[in-house]
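Worksheet: one structure, shown below.
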Amino acid sequence: MNYFELFDIPVQLKVNTALLSKKFFAMSKQFHPDYFASENEQVQAEALEKSALLNKAWKTFQHADATIKYVLLEKGLLEEEEKYELPPDFLMEVLEINEALMDADEPDVVTKLKPTIENLQSEIYEPVKEMVENYKDGADTEKELLQVKEYYYKKKYLDRILKQLAGMA
């Protein structure tokens, strides 16, 4: 059973967790292992497994990038620890940002670079925005999902730089 089946929702790249939260809390209560303490070991194990799956699904749905990754994994378009090759032009932009970070002696480097990175994040999201926000399982092609995969890896790259910047602030 995948996470979407568990919550009885359609496969989507962007989950509205506000709408799903009531269902999560009700299911958490329903499958909580403490309610099965007097049952046999098999029933207890099933409850524990369902509760763990529910928590993993909820944790995944809380983060847009994790949800995208999960869908791509489910579709067989992404592998754990995959070495994805990003386009050279994107890598050059990132290289320039990294060089600016290494060469920066100024305390306001974060102030200067953060808008650049945020603009780049907006640029890479724009081509996939419609699909991410309105994905319909089966209606979108593998080619379109591969564009989302490229976006996912580019965003991971930029997120690492933003994290590095946050550490410098």
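Simple scheme: letters A, B, ... for chains in structure tokens order, numbers from 1 for residues in each chain, numbers from 1 for ligands in the order shown.
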Please provide the set of residues having any atom within 12 Å of A:Tyr157, restricted to only C-alpha atoms, with same-chain residues fewer than 3 positions apart removed, written as a ChimeraX atom specification. /A:84-86,90-91,93-95,97-98,117,120-121,124,150-154,160-164
Need the shell around A:Ala100: protein/DNA/RNA residues with any atom at most 10 Å away, counting only C-alpha atoms. Skip same-chain ones fewer than 6 positions apart. Format as an NGL selection string? :A and (94 or 109 or 112-113)
Do a neighbour search on stretch 134-147 of chain A at 12 Å with only C-alpha atoms, toss out local chain neighbours closer than 5 positions, and write the hits as a PyMOL selection string. chain A and resi 4+9-16+68-69+71-78+84+86-87+124-129+152-154
